[in-house]
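Participant: To be precise about what I am sending: the file is called upload-v4.txt and holds compact mmCIF, C-alpha atoms.
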# COMPACT_ATOMS: atom_id res chain seq x y z
CA MET A 19 46.18 97.63 110.23
CA SER A 20 47.17 100.52 107.99
CA GLU A 21 49.99 99.67 105.60
CA ARG A 22 52.58 102.22 104.57
CA ARG A 23 53.94 102.03 101.05
CA LEU A 24 57.48 100.75 101.38
CA PRO A 25 60.05 99.65 98.80
CA PRO A 26 60.25 95.88 98.16
CA VAL A 27 63.22 95.46 100.49
CA THR A 28 62.47 91.85 101.42
CA GLN A 29 61.96 90.72 97.81
CA MET A 30 65.13 92.44 96.64
CA GLY A 31 67.05 91.11 99.61
CA MET A 32 65.95 87.55 98.87
CA ALA A 33 66.89 87.97 95.20
CA SER A 34 70.32 89.28 96.24
CA LEU A 35 70.85 86.33 98.58
CA ALA A 36 69.70 83.89 95.88
CA LEU A 37 72.30 85.34 93.50
CA ILE A 38 75.24 84.86 95.88
CA VAL A 39 73.99 81.39 96.85
CA THR A 40 73.93 80.52 93.13
CA ALA A 41 77.48 81.85 92.74
CA GLY A 42 78.59 79.72 95.70
CA ILE A 43 76.93 76.61 94.27
CA TYR A 44 78.49 77.27 90.86
CA LEU A 45 81.99 77.46 92.37
CA SER A 46 81.48 74.54 94.77
CA ALA A 47 80.04 72.26 92.09
CA HIS A 48 83.23 72.47 90.01
CA LEU A 49 85.78 71.76 92.75
CA PRO A 50 88.69 71.11 92.44
CA ARG A 51 88.74 71.85 88.72
CA HIS A 52 89.68 75.28 87.51
CA VAL A 53 86.50 77.08 86.61
CA SER A 54 85.87 80.42 84.98
CA LEU A 55 85.11 83.02 87.63
CA GLY A 56 83.10 85.13 85.16
CA PRO A 57 79.62 83.78 86.01
CA ALA A 58 80.34 83.92 89.76
CA ILE A 59 81.61 87.52 89.49
CA ALA A 60 78.54 88.49 87.43
CA LEU A 61 76.21 86.95 90.03
CA LEU A 62 78.09 88.64 92.88
CA GLY A 63 77.98 91.95 91.00
CA ALA A 64 74.22 91.68 90.46
CA SER A 65 73.75 90.77 94.13
CA THR A 66 75.81 93.80 95.22
CA VAL A 67 73.79 96.08 92.95
CA LEU A 68 70.59 94.80 94.57
CA LEU A 69 72.09 95.41 98.02
CA ALA A 70 73.03 98.97 97.07
CA ALA A 71 69.59 99.57 95.51
CA ASN A 72 67.95 98.23 98.65
CA LEU A 73 69.97 100.50 100.93
CA ILE A 74 69.30 103.54 98.75
CA SER A 75 65.56 102.88 98.42
CA LEU A 76 65.33 102.32 102.16
CA ALA A 77 67.27 105.52 102.90
CA LEU A 78 64.74 107.48 100.85
CA VAL A 79 61.75 106.29 102.90
CA ARG A 80 60.22 109.10 104.89
CA ASP A 81 59.11 108.62 108.48
CA PHE A 82 60.81 105.28 108.88
CA ALA A 83 61.53 103.94 112.37
CA TRP A 84 65.30 104.24 112.03
CA ASP A 85 65.93 103.98 115.79
CA ARG A 86 64.21 100.62 115.83
CA PHE A 87 65.92 99.56 112.58
CA PHE A 88 69.43 100.25 113.88
CA ALA A 89 68.72 98.87 117.36
CA VAL A 90 67.88 95.50 115.82
CA ALA A 91 70.14 95.51 112.76
CA ARG A 92 73.36 96.21 114.68
CA TRP A 93 72.92 93.13 116.88
CA ALA A 94 71.91 91.05 113.90
CA LEU A 95 75.02 92.34 112.11
CA LEU A 96 77.17 91.14 115.01
CA GLY A 97 75.55 87.70 114.86
CA TYR A 98 75.88 87.32 111.10
CA VAL A 99 79.46 88.61 111.07
CA ILE A 100 80.25 85.74 113.46
CA VAL A 101 78.45 83.26 111.19
CA ALA A 102 80.26 84.64 108.11
CA GLY A 103 83.53 84.46 110.01
CA MET A 104 82.96 80.77 110.75
CA ILE A 105 82.34 80.05 107.06
CA GLU A 106 85.41 82.10 106.04
CA TYR A 107 87.46 80.13 108.56
CA ALA A 108 86.35 76.87 106.91
CA PHE A 109 87.37 78.27 103.48
CA LEU A 110 90.83 79.24 104.75
CA ARG A 111 91.24 75.94 106.58
CA ASP A 112 90.63 74.17 103.26
CA HIS A 113 93.38 76.24 101.60
CA LEU A 114 90.99 78.05 99.28
CA ARG A 115 93.01 80.72 97.49
CA GLY A 116 92.95 83.20 94.64
CA GLY A 117 89.91 84.50 92.79
CA ALA A 118 87.51 81.95 94.23
CA LEU A 119 88.41 83.04 97.77
CA VAL A 120 87.90 86.70 96.85
CA VAL A 121 84.48 86.02 95.27
CA LEU A 122 83.31 83.89 98.21
CA THR A 123 84.62 86.40 100.78
CA LEU A 124 82.81 89.27 99.05
CA SER A 125 79.69 87.09 98.88
CA LEU A 126 79.95 86.56 102.64
CA ILE A 127 80.18 90.33 103.15
CA VAL A 128 77.00 90.85 101.08
CA PHE A 129 75.33 88.09 103.14
CA ALA A 130 76.48 89.52 106.48
CA VAL A 131 75.17 93.00 105.58
CA HIS A 132 71.96 92.09 103.76
CA VAL A 133 70.47 89.70 106.31
CA PRO A 134 70.64 92.26 109.17
CA VAL A 135 69.09 94.84 106.81
CA LEU A 136 66.19 92.45 106.16
CA ILE A 137 65.74 91.76 109.88
CA GLY A 138 65.93 95.46 110.79
CA PHE A 139 63.50 96.37 108.01
CA THR A 140 60.94 93.72 108.98
CA VAL A 141 61.00 94.94 112.58
CA ALA A 142 61.00 98.67 111.80
CA ARG A 143 58.19 98.54 109.24
CA TYR A 144 55.77 97.75 112.06
CA ALA A 145 57.15 100.45 114.35
CA GLU A 146 56.36 104.13 114.49
CA PRO A 147 59.19 106.65 113.94
CA GLY A 148 60.72 107.55 117.27
CA ASP A 149 59.27 104.48 118.95
CA ALA A 150 60.72 104.03 122.39
CA LEU A 151 63.14 101.16 122.13
CA GLY A 152 62.73 100.02 125.71
CA ASP A 153 63.37 96.35 126.32
CA ALA A 154 63.25 95.52 122.65
CA ALA A 155 66.67 96.99 122.08
CA ALA A 156 68.16 95.37 125.12
CA GLY A 157 66.65 92.03 124.25
CA MET B 23 39.26 88.70 119.43
CA GLY B 24 38.21 91.07 122.19
CA VAL B 25 36.49 88.23 124.05
CA ALA B 26 39.48 86.01 123.58
CA LEU B 27 41.77 88.68 124.93
CA ARG B 28 39.57 89.39 127.93
CA ARG B 29 39.27 85.66 128.62
CA ALA B 30 43.03 85.68 129.10
CA SER B 31 42.94 88.29 131.82
CA ARG B 32 43.93 85.81 134.47
CA TYR B 33 47.29 86.55 136.03
CA LEU B 34 50.04 84.00 135.89
CA PRO B 35 53.40 84.20 137.66
CA GLY B 36 56.10 85.86 135.60
CA MET B 37 53.66 87.35 133.17
CA ALA B 38 53.55 90.95 132.03
CA THR B 39 50.36 92.81 131.21
CA VAL B 40 50.29 94.70 127.95
CA SER B 41 47.42 96.31 126.15
CA ALA B 42 46.39 95.67 122.61
CA PRO B 43 43.66 97.08 120.41
CA ALA B 44 40.63 94.81 120.22
CA VAL B 45 40.87 94.39 116.47
CA ALA B 46 37.74 92.36 115.84
CA VAL B 47 35.61 94.63 117.95
CA GLY B 48 37.15 97.61 116.25
CA HIS B 49 36.23 100.25 118.84
CA GLY B 50 36.28 100.55 122.58
CA PRO B 51 39.09 100.48 125.10
CA PRO B 52 42.15 98.36 124.42
CA ALA B 53 42.01 94.85 125.83
CA THR B 54 44.84 93.53 127.93
CA ILE B 55 47.03 90.60 127.06
CA GLU B 56 49.09 88.70 129.56
CA ARG B 57 52.31 87.42 128.18
CA PRO B 58 55.33 85.93 129.94
CA ASP B 59 58.17 88.36 130.42
CA PHE B 60 60.92 87.36 128.01
CA GLN B 61 64.18 88.34 126.40
CA ILE B 62 64.26 88.51 122.60
CA VAL B 63 67.71 86.94 122.69
CA PRO B 64 67.85 84.70 125.78
CA ARG B 65 71.16 85.66 127.37
CA ALA B 66 71.33 82.41 129.31
CA GLY B 67 71.66 80.56 126.02
CA LEU B 68 74.62 82.59 124.71
CA PRO B 69 77.29 80.62 126.62
CA LEU B 70 75.82 77.39 125.20
CA VAL B 71 76.01 78.82 121.69
CA ALA B 72 79.62 79.86 122.34
CA VAL B 73 80.45 76.32 123.50
CA VAL B 74 78.86 74.75 120.42
CA LEU B 75 80.65 77.17 118.06
CA GLY B 76 83.89 76.48 119.96
CA LEU B 77 83.36 72.74 119.36
CA LEU B 78 82.77 73.48 115.68
CA ILE B 79 86.02 75.47 115.39
CA ALA B 80 87.88 72.69 117.20
CA GLY B 81 86.29 70.03 114.98
CA ILE B 82 87.31 71.86 111.80
CA ALA B 83 90.82 72.55 113.14
CA VAL B 84 91.39 68.92 114.18
CA ASN B 85 89.86 67.70 110.90
CA GLU B 86 89.24 64.19 112.23
CA LEU B 87 86.41 62.05 110.91
CA TRP B 88 84.51 61.40 114.13
CA PRO B 89 84.10 65.00 115.42
CA LEU B 90 83.12 66.25 111.97
CA GLU B 91 80.68 63.38 111.46
CA PHE B 92 79.25 63.95 114.94
CA LEU B 93 78.74 67.69 114.45
CA HIS B 94 77.27 67.27 110.96
CA VAL B 95 74.92 64.41 111.84
CA VAL B 96 73.74 65.85 115.17
CA GLY B 97 73.31 69.36 113.72
CA GLY B 98 71.62 68.08 110.58
CA ALA B 99 69.27 65.80 112.52
CA ALA B 100 68.30 68.67 114.83
CA TRP B 101 67.74 71.03 111.89
CA THR B 102 65.62 68.52 109.98
CA VAL B 103 63.56 67.43 112.96
CA ILE B 104 62.92 70.99 114.16
CA ASP B 105 61.83 72.13 110.68
CA LEU B 106 59.55 69.14 110.13
CA PHE B 107 58.07 69.27 113.62
CA LEU B 108 57.51 73.01 113.50
CA GLY B 109 56.08 73.01 110.00
CA PHE B 110 53.83 69.98 110.16
CA VAL B 111 53.04 69.35 113.84
CA LEU B 112 53.36 72.57 115.84
CA GLY B 113 52.35 74.90 112.99
CA PRO B 114 48.81 73.58 112.55
CA ILE B 115 48.39 73.38 116.35
CA ILE B 116 49.49 77.00 116.82
CA GLY B 117 47.09 78.06 114.09
CA ARG B 118 44.15 76.65 116.06
CA LEU B 119 45.10 78.09 119.45
CA SER B 120 43.27 81.05 120.93
CA ILE B 121 45.08 84.38 120.53
CA PRO B 122 46.26 84.56 124.19
CA ALA B 123 47.47 80.97 124.09
CA ARG B 124 49.23 81.62 120.81
CA ILE B 125 50.92 84.71 122.26
CA GLU B 126 52.05 82.84 125.37
CA PHE B 127 53.34 79.95 123.28
CA THR B 128 55.12 82.35 120.92
CA THR B 129 56.91 84.20 123.72
CA ARG B 130 58.19 80.90 125.07
CA LEU B 131 59.19 79.28 121.77
CA MET B 132 60.47 82.04 119.52
CA PRO B 133 63.33 83.42 121.70
CA LYS B 134 64.80 79.92 121.80
CA MET B 135 64.53 79.71 118.01
CA VAL B 136 66.52 82.97 117.67
CA LEU B 137 69.57 81.23 119.12
CA LEU B 138 68.88 77.62 118.18
CA MET B 139 68.36 77.77 114.43
CA PRO B 140 71.34 79.91 113.33
CA THR B 141 73.61 77.80 115.56
CA VAL B 142 72.28 74.47 114.29
CA VAL B 143 72.44 75.61 110.65
CA THR B 144 75.99 77.00 110.97
CA VAL B 145 77.25 73.84 112.68
CA THR B 146 75.58 71.53 110.13
CA LEU B 147 76.83 73.38 107.06
CA ALA B 148 80.36 74.17 108.25
CA ALA B 149 80.97 70.64 109.60
CA GLY B 150 79.32 69.15 106.51
CA TRP B 151 81.53 71.11 104.15
CA GLN B 152 84.66 70.12 106.08
CA LEU B 153 83.51 66.49 106.17
CA GLY B 154 82.91 66.55 102.42
CA ASN B 155 86.42 67.90 101.90
CA LYS B 156 87.91 65.19 104.08
CA LEU B 157 85.97 62.37 102.42
CA GLY B 158 86.31 63.84 98.93
CA THR B 159 82.56 63.91 98.39
CA VAL B 160 82.62 67.61 97.43
CA GLN B 161 85.01 66.87 94.55
CA SER B 162 83.43 66.93 91.11
CA SER B 163 85.03 63.53 90.43
CA TYR B 164 82.91 61.88 93.18
CA TYR B 165 80.60 59.35 91.55
CA LEU B 166 77.48 60.77 93.26
CA HIS B 167 78.44 64.36 92.51
CA GLY B 168 75.01 65.14 91.05
CA TRP B 169 73.40 64.25 94.37
CA VAL B 170 75.86 66.48 96.24
CA VAL B 171 75.08 69.42 93.95
CA ALA B 172 71.36 68.71 94.48
CA SER B 173 71.96 69.02 98.22
CA TYR B 174 73.67 72.41 97.67
CA ILE B 175 70.62 73.61 95.75
CA VAL B 176 68.15 72.39 98.37
CA VAL B 177 70.20 73.96 101.18
CA GLY B 178 70.58 77.15 99.14
CA VAL B 179 66.83 77.52 98.65
CA MET B 180 66.21 76.78 102.33
CA ALA B 181 68.85 79.35 103.32
CA VAL B 182 67.27 82.09 101.19
CA ILE B 183 63.80 81.36 102.62
CA ALA B 184 65.10 81.15 106.19
CA LEU B 185 67.30 84.26 106.00
CA GLY B 186 64.90 86.40 104.00
CA LEU B 187 61.55 85.49 105.54
CA LEU B 188 61.75 83.18 108.54
CA GLU B 189 64.43 84.81 110.68
CA PRO B 190 63.19 88.40 110.18
CA ALA B 191 59.63 87.27 111.05
CA ASN B 192 60.92 85.52 114.15
CA ILE B 193 62.69 88.66 115.43
CA ALA B 194 59.89 91.02 114.37
CA VAL B 195 57.17 89.09 116.21
CA LEU B 196 59.25 89.14 119.39
CA VAL B 197 59.93 92.89 119.11
CA GLU B 198 56.19 93.45 118.52
CA LEU B 199 55.36 91.42 121.62
CA LYS B 200 57.82 93.50 123.65
CA LYS B 201 55.88 96.67 122.89
CA PRO B 202 53.61 98.13 125.58
CA ARG B 203 50.71 97.82 123.09
CA PRO B 204 51.45 94.92 120.73
CA ASN B 205 49.31 94.81 117.62
CA PRO B 206 47.59 91.39 117.40
CA GLN B 207 47.21 91.76 113.62
CA VAL B 208 50.95 92.28 113.18
CA ILE B 209 51.65 89.27 115.40
CA GLU B 210 49.12 87.19 113.48
CA ARG B 211 50.61 88.17 110.12
CA LEU B 212 54.21 87.54 111.20
CA MET B 213 53.37 84.22 112.85
CA LYS B 214 51.58 83.11 109.68
CA ARG B 215 54.68 84.01 107.69
CA PHE B 216 56.85 82.13 110.18
CA ILE B 217 54.72 78.98 110.14
CA TYR B 218 54.27 78.92 106.34
CA THR B 219 57.99 79.36 105.71
CA ALA B 220 58.78 76.74 108.36
CA GLY B 221 56.40 74.41 106.49
CA ALA B 222 58.14 75.17 103.17
CA THR B 223 61.57 74.46 104.61
CA GLY B 224 60.10 71.37 106.28
CA LEU B 225 59.06 70.10 102.83
CA MET B 226 62.56 70.77 101.54
CA GLN B 227 63.97 68.85 104.49
CA VAL B 228 62.24 65.76 103.08
CA ALA B 229 64.38 66.26 99.95
CA THR B 230 67.44 66.62 102.18
CA LEU B 231 66.62 63.31 103.86
CA VAL B 232 66.34 61.59 100.48
CA ILE B 233 69.68 63.02 99.29
CA MET B 234 71.61 62.37 102.51
CA THR B 235 70.43 58.78 102.86
CA LYS B 236 71.37 58.19 99.21
CA LEU B 237 74.84 59.64 99.83
CA ALA B 238 75.25 57.55 102.98
CA ALA B 239 74.08 54.37 101.22
CA GLY B 240 76.31 55.01 98.19
How would this structure read if it were set down as C-alpha cells?
Facilitator:
Amino acid sequence: MSERRLPPVTQMGMASLALIVTAGIYLSAHLPRHVSLGPAIALLGASTVLLAANLISLALVRDFAWDRFFAVARWALLGYVIVAGMIEYAFLRDHLRGGALVVLTLSLIVFAVHVPVLIGFTVARYAEPGDALGDAAAG
Amino acid sequence: MGVALRRASRYLPGMATVSAPAVAVGHGPPATIERPDFQIVPRAGLPLVAVVLGLLIAGIAVNELWPLEFLHVVGGAAWTVIDLFLGFVLGPIIGRLSIPARIEFTTRLMPKMVLLMPTVVTVTLAAGWQLGNKLGTVQSSYYLHGWVVASYIVVGVMAVIALGLLEPANIAVLVELKKPRPNPQVIERLMKRFIYTAGATGLMQVATLVIMTKLAAG
C-alpha cells in the first residue's frame, strides 16, 4: 500500500479536541464558583489555532480526494451539529450564562467542525482524487 | 491472503461481489471478496436514534430524578459493556478470523456502531450532567468532588480517542468496503486501529466503573 505524504491532520485534530476538553473540565470543576476565564479562553484559542492550521494544511494538499472528503464530512457535520446542539441545550437548561457559556459554545463549534474534518480526512486519504462516490456517499 | 479470498468465493444471499488485489500474492488477477450489501449509516436505525434523543430532550426538560437516572444508567451501562466487550472479547476474536470472515463480520457490525455509539455516549453524558446538576454532585462543594473531576478526565480522554481515532476508522473502513475494489490492507489497518482504540477505551471504562461505584456508594 503506497502512502502519500499528508499533513498530521489526525494528530493536530486530537490535540485540538484535547485542548477544548481540558477547557471544559477546568470550567466544570469549579462550578458554581466564579472562576477566571483566562485559562479556558487560552485553551480555546490554542484549539482554534490548531483547527485553522489543520484546515489550511489540508487545503494545500495536492491531489486530495475532495469529493470523497466532502461527501462524508457534510453528513458527519450534520450528525455532530445535532450532538453539539444537545449539549448546548443542556447548558441553557441549566441557566449557564455569561463568559462561561460563550467559551463552552465556541468550544462546541470547534468540536462540531473538527470531528467531521477528521472523519472526512481519514476516509479521503485512502481514496483516489475523483473517486466515484457511488453508494458510499449515499450510505 | 489470495487463498483466503478465493476460499470465500461461495455465494451467500444478500452478498455483493467485489474485487480486491491479492496483497500477499502480490501479482496476478484480483481476487473476489463476497461481502453483505450494507448501508454505511443504516437508515432503519435513524428513527430509533430520533426516539432516544427525543427521550433525552424530554428527560432534561422534565428534570425529574427517575428519567435522568434511567437514561444515565442505561446509557452508561451500554457504553461500558460495549467498549469492554468489543475491546477484550470481540477484538481478539476478530483478529484471528480469516480475512473474508473478518470482512463479513465488519460489514454487519460496524454500520450499527456508527449509530449506536454516538447516541449512547450523547445520552449518557447529557443525562449524567443534568443528573449531577439536580443532585448537586457537579458542585465543587460536593464532598467527593475529586472523584467527579476524575470522571471528567477519564471521559475526556475517552472522548478524544473515540472522536479522533475510533469514529473516523469506523466510517473509513465502511467506505473502503463500499468500493468496487476494496483494499484489504487498508481494511486491515483501519480495523486494527478500531480494535486497539476500542481496547484502550475499554481499559478506561474500568476506571469509570471504579469512579461511578464509588460515587454511588458515597
Participant: Got a sec: who's within 12 Å of Gly76 in chain B, counting only C-alpha atoms, leaving out chain neighbours fewer than 2 positions off, as a VMD selection string?
Facilitator: (chain A and resid 100 104) or (chain B and resid 69 to 74 78 to 83 93 141 144 to 145)
Participant: For each of A:Gly138, A:Pro26, A:Ala94, A:Leu122, take the minimum atom-to-atom distance to Tyr107 in chain A, counting all atoms listed in the file, then give the residue where this is smallest.
Facilitator: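 Among the listed residues, A:Leu122 lies closest to Tyr107 in chain A.
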Participant: Report, in Å with one decimal, the straight-line distance from CA of Val101 in chain A to CA of Val142 in chain B.
Facilitator: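 That distance, rounded to one decimal, is 11.2 Å.
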Participant: Just the residues within 9 Å of range 33-49 of chain A, please, counting only C-alpha atoms, with nothing from its chain fewer than 6 positions along; format it as an MDAnalysis selection string.
Facilitator: (chainID A and resid 55 57:62 64:69 118 121:122 125:126 128:129 132:133) or (chainID B and resid 160:163 167:168 170:171 174:175 178:179 181:182 185:186)
Participant: Taking 2 positions as the minimum chain separation for residues in the same chain, which residues sit within 7 Å of range 132-137 of chain B when counting all atoms listed in the file? Answer as a PyMOL selection string.
Facilitator: chain B and resi 61-64+128-130+139-141+192
Participant: Which residues are close to Leu147 in chain B, i.e. within 9 Å by all atoms listed in the file, leaving aside same-chain residues fewer than 5 positions away? Reply as a ChimeraX atom specification.
Facilitator: /A:105 /B:94,97-98,142,152,177
Participant: For each of B:Asp59, B:Gly117, B:Leu106, B:Gly224, take the minimum atom-to-atom distance to Lys201 in chain B, counting all atoms listed in the file, then give the residue where this is smallest.
Facilitator: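 Under the stated criterion, the closest residue is B:Asp59.
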Participant: Using all atoms listed in the file, pick whichever of B:Phe60, B:Glu198, B:Gln227, B:Ala238 has the shortest atom-to-atom distance to Arg143 in chain A.
Facilitator: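 Using all atoms listed in the file, Arg143 in chain A sits closest to B:Glu198.
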Participant: Calculate how many Å separate CA of Ile183 in chain B from CA of Arg215 in chain B, rounding to one decimal.
Facilitator: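 Result for CA of Ile183 in chain B versus CA of Arg215 in chain B: 10.8 Å, one decimal.
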Participant: Quick one: residues within 10 Å of Val95 in chain B, all atoms listed in the file, excluding same-chain residues fewer than 4 positions away - as a list of chain:residue names?
Facilitator: B:Pro89, B:Leu90, B:Glu91, B:Ala99, B:Ala100, B:Trp101, B:Val145, B:Thr146, B:Ala149, B:Gly150
Participant: Export C-alpha atoms of the chosen residues as a compact mmCIF listing (two decimals), in the frame of the given file?
Facilitator:
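New file selection22.txt:
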# COMPACT_ATOMS: atom_id res chain seq x y z
CA PRO B 89 84.10 65.00 115.42
CA LEU B 90 83.12 66.25 111.97
CA GLU B 91 80.68 63.38 111.46
CA ALA B 99 69.27 65.80 112.52
CA ALA B 100 68.30 68.67 114.83
CA TRP B 101 67.74 71.03 111.89
CA VAL B 145 77.25 73.84 112.68
CA THR B 146 75.58 71.53 110.13
CA ALA B 149 80.97 70.64 109.60
CA GLY B 150 79.32 69.15 106.51
Participant: What is the CA of Ile233 in chain B to CA of Leu187 in chain B distance in Å?
Facilitator: 24.7 Å
Participant: Closest to chain B among A:Gly63, A:Gly117, A:Gly103, A:Pro50, using all atoms listed in the file?
Facilitator: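 Of A:Gly63, A:Gly117, A:Gly103, A:Pro50, the one nearest chain B, counting all atoms listed in the file, is A:Pro50.
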Participant: Can you work out which one of A:Gly97, A:His52, A:Glu146, A:Leu76 has the shortest atom-to-atom distance to Gly116 in chain A, counting only C-alpha atoms?
Facilitator: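 Of A:Gly97, A:His52, A:Glu146, A:Leu76, the one nearest Gly116 in chain A, counting only C-alpha atoms, is A:His52.
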Participant: Using only C-alpha atoms, find the one residue out of A:Ala130, A:Val90, A:Ala77, A:Ala108 that sits nearest to Asn85 in chain B.
Facilitator: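 Smallest separation from Asn85 in chain B among the options: A:Ala108.
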